[in-house]
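Heads up, run.tsv below (TSV, C-alpha atoms):
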chain	number	residue	atom	x	y	z
A	1	MET	CA	-175.51	46.16	-51.47
A	2	GLN	CA	-177.35	45.85	-48.17
A	3	SER	CA	-178.51	42.41	-47.12
A	4	GLN	CA	-182.24	41.84	-47.27
A	5	ALA	CA	-182.37	39.57	-44.23
A	6	THR	CA	-180.76	39.87	-40.81
A	7	SER	CA	-179.95	37.31	-38.15
A	8	THR	CA	-180.84	39.73	-35.32
A	9	ILE	CA	-184.47	40.18	-34.35
A	10	LEU	CA	-186.01	42.33	-31.62
A	11	MET	CA	-189.13	40.99	-29.90
A	12	ILE	CA	-191.27	42.29	-27.01
A	13	ARG	CA	-192.59	39.75	-24.49
A	14	PRO	CA	-196.23	40.62	-23.67
A	15	VAL	CA	-197.37	41.49	-20.17
A	16	ARG	CA	-201.01	42.55	-20.62
A	17	PHE	CA	-201.84	41.23	-24.08
A	18	GLY	CA	-205.44	41.17	-25.23
A	19	PHE	CA	-207.97	42.22	-27.85
A	20	ASN	CA	-207.45	45.91	-28.62
A	21	GLN	CA	-210.73	47.75	-29.15
A	22	GLN	CA	-208.87	50.82	-30.39
A	23	THR	CA	-207.51	48.99	-33.43
A	24	ALA	CA	-210.46	46.71	-34.25
A	25	ALA	CA	-212.29	49.21	-36.48
A	26	SER	CA	-209.51	49.17	-39.11
A	27	ASN	CA	-208.17	45.65	-38.57
A	28	ALA	CA	-210.49	43.02	-40.02
A	29	PHE	CA	-208.03	40.30	-39.02
A	30	GLN	CA	-208.94	40.69	-35.35
A	31	ASP	CA	-211.52	38.06	-34.40
A	32	SER	CA	-213.87	39.46	-31.74
A	33	GLU	CA	-215.69	36.15	-31.27
A	34	MET	CA	-212.46	34.25	-30.79
A	35	ALA	CA	-211.21	36.98	-28.46
A	36	ALA	CA	-214.34	36.71	-26.33
A	37	ARG	CA	-213.77	32.97	-25.93
A	38	THR	CA	-210.12	33.38	-24.97
A	39	SER	CA	-210.16	36.69	-23.09
A	40	ASN	CA	-209.49	35.25	-19.65
A	41	ALA	CA	-206.51	33.22	-20.82
A	42	ALA	CA	-205.27	35.49	-23.62
A	43	GLN	CA	-202.22	36.87	-21.80
A	44	ALA	CA	-201.02	33.50	-20.49
A	45	ASP	CA	-201.62	31.75	-23.81
A	46	ALA	CA	-200.01	34.55	-25.82
A	47	ARG	CA	-197.00	34.51	-23.51
A	48	GLN	CA	-196.62	30.77	-24.10
A	49	GLU	CA	-196.89	31.19	-27.87
A	50	PHE	CA	-194.34	34.00	-27.71
A	51	ASP	CA	-191.85	32.05	-25.60
A	52	ASP	CA	-192.16	28.97	-27.81
A	53	MET	CA	-191.47	31.07	-30.90
A	54	VAL	CA	-188.43	32.72	-29.31
A	55	GLN	CA	-187.06	29.35	-28.19
A	56	GLN	CA	-187.46	27.82	-31.64
A	57	LEU	CA	-185.94	30.85	-33.40
A	58	LYS	CA	-182.91	30.72	-31.12
A	59	ALA	CA	-182.60	26.97	-31.68
A	60	SER	CA	-182.60	27.68	-35.43
A	61	GLY	CA	-179.62	30.01	-35.08
A	62	VAL	CA	-181.35	33.40	-34.94
A	63	ASP	CA	-180.18	36.05	-32.47
A	64	VAL	CA	-183.34	37.20	-30.67
A	65	LEU	CA	-183.20	40.29	-28.47
A	66	VAL	CA	-186.12	39.96	-26.04
A	67	TYR	CA	-187.43	42.89	-24.02
A	68	ASP	CA	-190.26	42.58	-21.53
A	69	ASP	CA	-193.22	44.89	-21.87
A	70	THR	CA	-194.11	47.00	-18.84
A	71	ASP	CA	-197.31	46.75	-16.77
A	72	GLU	CA	-197.99	50.45	-17.25
A	73	PRO	CA	-199.01	52.02	-19.47
A	74	HIS	CA	-201.34	49.30	-20.76
A	75	THR	CA	-200.20	48.39	-24.28
A	76	PRO	CA	-202.15	45.30	-25.42
A	77	ASP	CA	-200.37	45.15	-28.80
A	78	SER	CA	-196.81	45.67	-27.55
A	79	LEU	CA	-195.67	42.32	-28.94
A	80	PHE	CA	-195.90	43.88	-32.43
A	81	PRO	CA	-192.84	46.22	-32.21
A	82	ASN	CA	-192.32	46.45	-35.96
A	83	ASN	CA	-195.08	49.08	-36.09
A	84	TRP	CA	-193.32	51.74	-34.02
A	85	VAL	CA	-189.69	51.36	-35.06
A	86	SER	CA	-187.39	50.20	-37.83
A	87	PHE	CA	-183.61	49.81	-37.79
A	88	HIS	CA	-181.45	50.34	-40.87
A	89	ALA	CA	-177.95	49.41	-41.98
A	90	SER	CA	-177.09	53.11	-42.38
A	91	GLY	CA	-177.39	53.49	-38.61
A	92	THR	CA	-180.80	55.15	-38.98
A	93	VAL	CA	-183.64	54.45	-36.54
A	94	VAL	CA	-187.13	55.50	-37.69
A	95	LEU	CA	-190.00	56.16	-35.27
A	96	TYR	CA	-193.50	55.99	-36.74
A	97	PRO	CA	-196.89	57.63	-36.15
A	98	MET	CA	-199.56	55.14	-35.07
A	99	GLN	CA	-203.32	55.46	-35.23
A	100	ALA	CA	-204.39	53.99	-31.88
A	101	GLU	CA	-203.51	56.11	-28.88
A	102	ASN	CA	-202.71	53.09	-26.72
A	103	ARG	CA	-200.22	51.91	-29.33
A	104	ARG	CA	-198.23	55.16	-29.23
A	105	ALA	CA	-197.19	54.28	-25.69
A	106	GLU	CA	-195.32	51.24	-27.06
A	107	ARG	CA	-192.44	53.47	-28.20
A	108	ARG	CA	-189.50	52.82	-25.87
A	109	GLN	CA	-186.52	55.16	-25.76
A	110	ASP	CA	-184.86	52.83	-23.23
A	111	ILE	CA	-184.71	50.09	-25.87
A	112	ILE	CA	-183.11	52.42	-28.42
A	113	ASP	CA	-180.62	53.63	-25.80
A	114	GLU	CA	-179.65	50.09	-24.89
A	115	LEU	CA	-179.21	49.07	-28.53
A	116	ALA	CA	-177.05	52.15	-29.05
A	117	GLN	CA	-174.54	50.75	-26.56
A	118	LYS	CA	-173.79	47.87	-28.94
A	119	TYR	CA	-174.87	49.18	-32.33
A	120	HIS	CA	-174.05	52.37	-34.20
A	121	VAL	CA	-177.06	54.71	-34.17
A	122	ALA	CA	-176.20	57.61	-36.48
A	123	ARG	CA	-179.56	59.39	-36.36
A	124	VAL	CA	-183.20	59.02	-35.39
A	125	VAL	CA	-185.87	59.99	-37.93
A	126	ASP	CA	-188.96	60.88	-35.89
A	127	LEU	CA	-192.18	60.88	-37.92
A	128	THR	CA	-194.48	60.79	-34.89
A	129	HIS	CA	-195.47	64.45	-35.23
A	130	PHE	CA	-197.83	63.38	-38.03
A	131	GLU	CA	-200.11	61.96	-35.33
A	132	GLN	CA	-201.18	65.54	-34.59
A	133	GLU	CA	-202.47	65.76	-38.18
A	134	GLY	CA	-204.26	62.41	-38.03
A	135	LYS	CA	-201.78	60.88	-40.48
A	136	PHE	CA	-200.13	57.54	-39.82
A	137	LEU	CA	-197.50	55.15	-41.14
A	138	GLU	CA	-197.14	52.08	-38.95
A	139	GLY	CA	-193.59	50.94	-39.52
A	140	THR	CA	-192.90	47.73	-41.40
A	141	GLY	CA	-196.57	46.91	-41.07
A	142	SER	CA	-197.39	49.76	-43.44
A	143	LEU	CA	-194.11	49.38	-45.31
A	144	VAL	CA	-192.72	46.26	-46.95
A	145	LEU	CA	-189.11	47.08	-47.67
A	146	ASP	CA	-186.82	45.81	-50.37
A	147	ARG	CA	-183.74	46.79	-48.40
A	148	MET	CA	-181.38	45.59	-51.12
A	149	ASN	CA	-182.78	48.01	-53.71
A	150	ARG	CA	-184.15	50.64	-51.29
A	151	VAL	CA	-187.75	50.39	-52.45
A	152	ALA	CA	-190.72	50.62	-50.05
A	153	PHE	CA	-194.08	49.10	-51.00
A	154	ALA	CA	-197.18	50.38	-49.22
A	155	CYS	CA	-200.91	49.79	-49.61
A	156	LEU	CA	-202.67	52.99	-48.59
A	157	SER	CA	-205.18	52.70	-45.75
A	158	PRO	CA	-206.34	54.58	-42.64
A	159	ARG	CA	-203.04	53.50	-41.09
A	160	THR	CA	-200.83	54.18	-44.13
A	161	ASP	CA	-200.92	57.79	-45.29
A	162	ALA	CA	-199.44	58.97	-48.57
A	163	ASP	CA	-197.97	62.15	-47.06
A	164	VAL	CA	-196.10	60.28	-44.33
A	165	LEU	CA	-194.98	57.72	-46.89
A	166	ALA	CA	-193.50	60.50	-49.02
A	167	GLU	CA	-191.68	61.93	-45.99
A	168	PHE	CA	-190.30	58.48	-45.15
A	169	GLY	CA	-188.92	58.26	-48.68
A	170	LYS	CA	-187.44	61.76	-48.46
A	171	GLN	CA	-185.74	61.08	-45.12
A	172	THR	CA	-184.38	57.63	-45.94
A	173	GLY	CA	-183.73	57.70	-49.68
A	174	TYR	CA	-186.20	54.89	-50.37
A	175	ARG	CA	-188.24	54.98	-53.56
A	176	THR	CA	-191.87	54.42	-52.64
A	177	VAL	CA	-194.46	52.34	-54.48
A	178	SER	CA	-198.04	52.86	-53.28
A	179	PHE	CA	-201.24	51.08	-54.24
A	180	HIS	CA	-204.63	50.11	-52.82
A	181	ALA	CA	-205.69	46.69	-51.54
A	182	VAL	CA	-208.90	45.24	-50.07
A	183	ASP	CA	-209.99	41.98	-48.52
A	184	ALA	CA	-212.76	39.70	-49.79
A	185	ASN	CA	-215.39	42.02	-48.27
A	186	GLY	CA	-213.96	45.09	-49.96
A	187	THR	CA	-212.48	46.46	-46.72
A	188	PRO	CA	-209.13	48.24	-47.11
A	189	ILE	CA	-206.29	46.05	-45.86
A	190	TYR	CA	-204.87	47.81	-42.84
A	191	HIS	CA	-201.21	46.79	-43.23
A	192	THR	CA	-199.19	45.99	-46.32
A	193	ASN	CA	-197.34	43.18	-44.54
A	194	VAL	CA	-200.44	40.98	-44.36
A	195	LEU	CA	-200.56	40.72	-48.16
A	196	MET	CA	-196.87	41.00	-49.10
A	197	SER	CA	-193.43	39.85	-48.01
A	198	ILE	CA	-190.18	40.50	-49.84
A	199	GLY	CA	-187.14	38.21	-49.63
A	200	ASP	CA	-183.79	38.54	-51.31
A	201	THR	CA	-184.82	36.77	-54.51
A	202	PHE	CA	-188.57	36.21	-54.08
A	203	ALA	CA	-191.74	38.05	-53.11
A	204	ILE	CA	-194.95	36.64	-51.68
A	205	VAL	CA	-197.96	38.75	-52.60
A	206	CYS	CA	-201.74	38.42	-52.79
A	207	LEU	CA	-202.24	40.06	-56.17
A	208	SER	CA	-206.00	39.47	-56.13
A	209	ALA	CA	-206.27	41.85	-53.14
A	210	ILE	CA	-205.15	44.67	-55.45
A	211	ALA	CA	-208.50	45.36	-57.12
A	212	ASP	CA	-207.36	47.86	-59.71
A	213	PRO	CA	-205.86	45.91	-62.65
A	214	ASP	CA	-203.38	48.66	-63.49
A	215	GLU	CA	-202.09	48.78	-59.92
A	216	ARG	CA	-201.96	44.99	-59.80
A	217	LEU	CA	-199.85	44.84	-62.95
A	218	MET	CA	-197.68	47.68	-61.70
A	219	VAL	CA	-196.90	45.90	-58.41
A	220	ARG	CA	-196.05	42.64	-60.18
A	221	GLN	CA	-193.81	44.41	-62.69
A	222	GLU	CA	-192.08	46.40	-59.95
A	223	LEU	CA	-191.30	43.22	-58.03
A	224	GLU	CA	-190.07	41.41	-61.13
A	225	SER	CA	-187.93	44.40	-62.14
A	226	LEU	CA	-186.23	44.11	-58.74
A	227	GLY	CA	-185.30	40.51	-59.53
A	228	LYS	CA	-187.96	38.88	-57.36
A	229	ARG	CA	-189.70	35.62	-58.22
A	230	VAL	CA	-193.36	36.42	-57.52
A	231	VAL	CA	-195.21	33.80	-55.46
A	232	ASP	CA	-198.89	34.71	-55.73
A	233	ILE	CA	-201.11	33.65	-52.81
A	234	THR	CA	-204.91	33.56	-52.78
A	235	MET	CA	-207.21	35.82	-50.82
A	236	GLU	CA	-208.05	32.86	-48.57
A	237	GLN	CA	-204.38	32.19	-47.89
A	238	MET	CA	-203.90	35.85	-47.05
A	239	THR	CA	-206.63	35.66	-44.41
A	240	HIS	CA	-204.59	32.82	-42.85
A	241	PHE	CA	-201.56	35.16	-42.69
A	242	ALA	CA	-199.62	33.47	-45.50
A	243	GLY	CA	-198.39	36.92	-46.52
A	244	ASN	CA	-197.35	37.87	-42.99
A	245	VAL	CA	-194.01	36.10	-43.12
A	246	LEU	CA	-190.37	37.21	-42.91
A	247	GLN	CA	-187.12	35.94	-44.32
A	248	VAL	CA	-184.34	35.92	-41.72
A	249	LYS	CA	-180.83	34.53	-41.58
A	250	ALA	CA	-179.40	32.08	-39.09
A	251	ARG	CA	-175.95	32.80	-37.71
A	252	GLN	CA	-174.64	29.94	-39.85
A	253	GLY	CA	-175.82	31.83	-42.95
A	254	ASN	CA	-178.75	29.63	-43.93
A	255	LYS	CA	-182.04	31.37	-44.71
A	256	LEU	CA	-185.31	30.85	-42.86
A	257	LEU	CA	-188.87	31.88	-43.73
A	258	VAL	CA	-190.65	32.58	-40.45
A	259	MET	CA	-194.43	32.17	-40.33
A	260	SER	CA	-197.29	30.88	-38.20
A	261	THR	CA	-198.56	27.32	-38.37
A	262	GLN	CA	-201.88	28.64	-39.68
A	263	ALA	CA	-200.03	30.33	-42.54
A	264	PHE	CA	-197.91	27.26	-43.29
A	265	GLU	CA	-200.92	24.94	-43.37
A	266	SER	CA	-202.72	27.22	-45.82
A	267	LEU	CA	-199.96	26.87	-48.41
A	268	THR	CA	-200.11	24.24	-51.14
A	269	PRO	CA	-197.38	21.57	-51.39
A	270	GLN	CA	-196.22	23.27	-54.58
A	271	GLN	CA	-195.89	26.64	-52.84
A	272	ILE	CA	-194.03	25.09	-49.92
A	273	SER	CA	-191.65	23.39	-52.31
A	274	LEU	CA	-191.09	26.60	-54.28
A	275	LEU	CA	-190.50	28.74	-51.19
A	276	GLY	CA	-188.20	26.04	-49.83
A	277	GLU	CA	-185.86	26.76	-52.73
A	278	TYR	CA	-185.29	30.24	-51.27
A	279	ALA	CA	-185.56	29.72	-47.51
A	280	ASN	CA	-186.42	26.95	-45.08
A	281	PRO	CA	-189.98	27.48	-43.74
A	282	VAL	CA	-190.22	27.46	-39.93
A	283	HIS	CA	-193.60	27.90	-38.26
A	284	PHE	CA	-195.17	28.30	-34.84
A	285	ASP	CA	-198.66	28.04	-33.36
A	286	LEU	CA	-199.79	31.65	-32.87
A	287	HIS	CA	-203.58	31.27	-33.00
A	288	VAL	CA	-204.29	33.24	-29.80
A	289	ILE	CA	-202.02	36.10	-30.85
A	290	GLU	CA	-203.46	36.09	-34.38
A	291	GLY	CA	-207.09	36.05	-33.27
A	292	ASN	CA	-206.81	38.68	-30.56
A	293	GLY	CA	-204.16	40.90	-32.11
A	294	GLY	CA	-204.92	40.61	-35.81
A	295	GLY	CA	-201.23	40.15	-36.59
A	296	SER	CA	-198.97	37.16	-37.00
A	297	ALA	CA	-195.32	36.11	-37.02
A	298	ARG	CA	-193.91	38.90	-39.15
A	299	CYS	CA	-195.56	41.59	-36.98
A	300	MET	CA	-193.81	40.20	-33.90
A	301	MET	CA	-190.31	40.78	-35.26
A	302	ALA	CA	-188.47	44.08	-35.65
A	303	GLU	CA	-185.36	43.43	-37.74
A	304	VAL	CA	-182.14	44.92	-36.39
A	305	HIS	CA	-179.97	45.94	-39.35
A	306	LEU	CA	-177.91	48.48	-37.39
A	307	PRO	CA	-174.13	48.10	-37.80
A	308	LEU	CA	-172.16	46.93	-34.81
A	309	LYS	CA	-169.92	49.49	-33.15
Output the file's structure in the form of structure tokens.
Amino acid sequence: MQSQATSTILMIRPVRFGFNQQTAASNAFQDSEMAARTSNAAQADARQEFDDMVQQLKASGVDVLVYDDTDEPHTPDSLFPNNWVSFHASGTVVLYPMQAENRRAERRQDIIDELAQKYHVARVVDLTHFEQEGKFLEGTGSLVLDRMNRVAFACLSPRTDADVLAEFGKQTGYRTVSFHAVDANGTPIYHTNVLMSIGDTFAIVCLSAIADPDERLMVRQELESLGKRVVDITMEQMTHFAGNVLQVKARQGNKLLVMSTQAFESLTPQQISLLGEYANPVHFDLHVIEGNGGGSARCMMAEVHLPLK
């Protein structure tokens, strides 16, 4: 059985980070007022948050592969690489269709080519042609993967299309589980990974965001049938990115649960204690990245599950 967590993470150091107007319409987690206050310093502050996170991950025993973004083309969200690519233990690399035009330029063949020198890349599944049809599936933002059982969870939204989801399942052999989710204002949640995270033996999920009771029960039962202990977070905790977390492994084999400080501080002592039974929580101050980009710690990490050559 494939491991759920990896000790190798790919991250993109930002060069021209800032509030992305092209994504704001469908991402309620972007804070335009906060962005206006921090616009002049956003790149420098985001770079510092990024570097601090990388340093702490490496100190915790995680292998972090850092690539610098390029000045051109301008890609303000490039530090969220998990939306354009995913890497699988079968040697498969998947490229995804993204809604915002300035995010499509984040896709980097040079990164895939460099990884292929060390890792076995058996094939590339390219789903980007769906962009021509106005259909999108934004990587492991749209998909929350149970890699052990080959099940992909996805909340449908303007950025997560059912047709592309079906094609992903066909190409990769994943069984897909789709549902609908909204925030406290009734706005569709743009990415599944802000409300759900799956570890090897646990799953964090904001069940109250799944408005339909049948879908809510279905998601819980699916997770439990996969052997996951369900840790239910509140809508308020979700808005603080408590669902946007990722279980990773250290080289020594111990398990970490990576999250932002905002997410960690939103959890109750009981939740922290429970999650600590499965993985050691590690957190970082990412408030500038979260406010301007509308994504948090999990979005910044693309897991590298490719087999070594």
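Considering the residues A:Gln132, A:Gln221, A:Asn185, A:Ser60 and counting all atoms listed in the file, A:Pro281 has its shortest atom-to-atom contact with A:Ser60.
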Inset, instruction - Would you be able to write out as a PyMOL selection string which residues have an atom within 9 Å of (-198.5, 33.7, -25.7) in the file's coordinates, counting all atoms listed in the file? - result: chain A and resi 13-14+17+42-52+286+288-289
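In terms of minimum interatomic distance to A:Glu222, A:Ile198 ranks closest within A:Ala166, A:Leu115, A:Ile198, A:Leu65, counting all atoms listed in the file.
Using all atoms listed in the file for every distance, the candidate list A:Asn82, A:Gly169, A:Val62, A:Ile111 yields A:Val62 as the residue closest to A:Val258.
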Inset, instruction - Please tell me which residues are no farther than 12 Å from (-205.4, 45.7, -51.6) in the file, counting only C-alpha atoms, and write them as a VMD selection string. - result: chain A and resid 153 to 157 178 to 196 205 to 213 215 to 216 219 235 238
Output file for the selection above: C-alpha atoms, as an mmCIF file, keeping the file's coordinate frame:
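And here is the file that came out, again30.cif:
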data_model
loop_
_atom_site.group_PDB
_atom_site.id
_atom_site.type_symbol
_atom_site.label_atom_id
_atom_site.label_comp_id
_atom_site.auth_asym_id
_atom_site.auth_seq_id
_atom_site.Cartn_x
_atom_site.Cartn_y
_atom_site.Cartn_z
ATOM 1 C CA PHE A 153 -194.080 49.100 -51.000
ATOM 2 C CA ALA A 154 -197.180 50.380 -49.220
ATOM 3 C CA CYS A 155 -200.910 49.790 -49.610
ATOM 4 C CA LEU A 156 -202.670 52.990 -48.590
ATOM 5 C CA SER A 157 -205.180 52.700 -45.750
ATOM 6 C CA SER A 178 -198.040 52.860 -53.280
ATOM 7 C CA PHE A 179 -201.240 51.080 -54.240
ATOM 8 C CA HIS A 180 -204.630 50.110 -52.820
ATOM 9 C CA ALA A 181 -205.690 46.690 -51.540
ATOM 10 C CA VAL A 182 -208.900 45.240 -50.070
ATOM 11 C CA ASP A 183 -209.990 41.980 -48.520
ATOM 12 C CA ALA A 184 -212.760 39.700 -49.790
ATOM 13 C CA ASN A 185 -215.390 42.020 -48.270
ATOM 14 C CA GLY A 186 -213.960 45.090 -49.960
ATOM 15 C CA THR A 187 -212.480 46.460 -46.720
ATOM 16 C CA PRO A 188 -209.130 48.240 -47.110
ATOM 17 C CA ILE A 189 -206.290 46.050 -45.860
ATOM 18 C CA TYR A 190 -204.870 47.810 -42.840
ATOM 19 C CA HIS A 191 -201.210 46.790 -43.230
ATOM 20 C CA THR A 192 -199.190 45.990 -46.320
ATOM 21 C CA ASN A 193 -197.340 43.180 -44.540
ATOM 22 C CA VAL A 194 -200.440 40.980 -44.360
ATOM 23 C CA LEU A 195 -200.560 40.720 -48.160
ATOM 24 C CA MET A 196 -196.870 41.000 -49.100
ATOM 25 C CA VAL A 205 -197.960 38.750 -52.600
ATOM 26 C CA CYS A 206 -201.740 38.420 -52.790
ATOM 27 C CA LEU A 207 -202.240 40.060 -56.170
ATOM 28 C CA SER A 208 -206.000 39.470 -56.130
ATOM 29 C CA ALA A 209 -206.270 41.850 -53.140
ATOM 30 C CA ILE A 210 -205.150 44.670 -55.450
ATOM 31 C CA ALA A 211 -208.500 45.360 -57.120
ATOM 32 C CA ASP A 212 -207.360 47.860 -59.710
ATOM 33 C CA PRO A 213 -205.860 45.910 -62.650
ATOM 34 C CA GLU A 215 -202.090 48.780 -59.920
ATOM 35 C CA ARG A 216 -201.960 44.990 -59.800
ATOM 36 C CA VAL A 219 -196.900 45.900 -58.410
ATOM 37 C CA MET A 235 -207.210 35.820 -50.820
ATOM 38 C CA MET A 238 -203.900 35.850 -47.050
#
Legend entry - Selected residue of minimal separation from A:Lys170 among A:Ala152, A:Leu306, A:Val282, A:Val66, counting all atoms listed in the file: A:Ala152
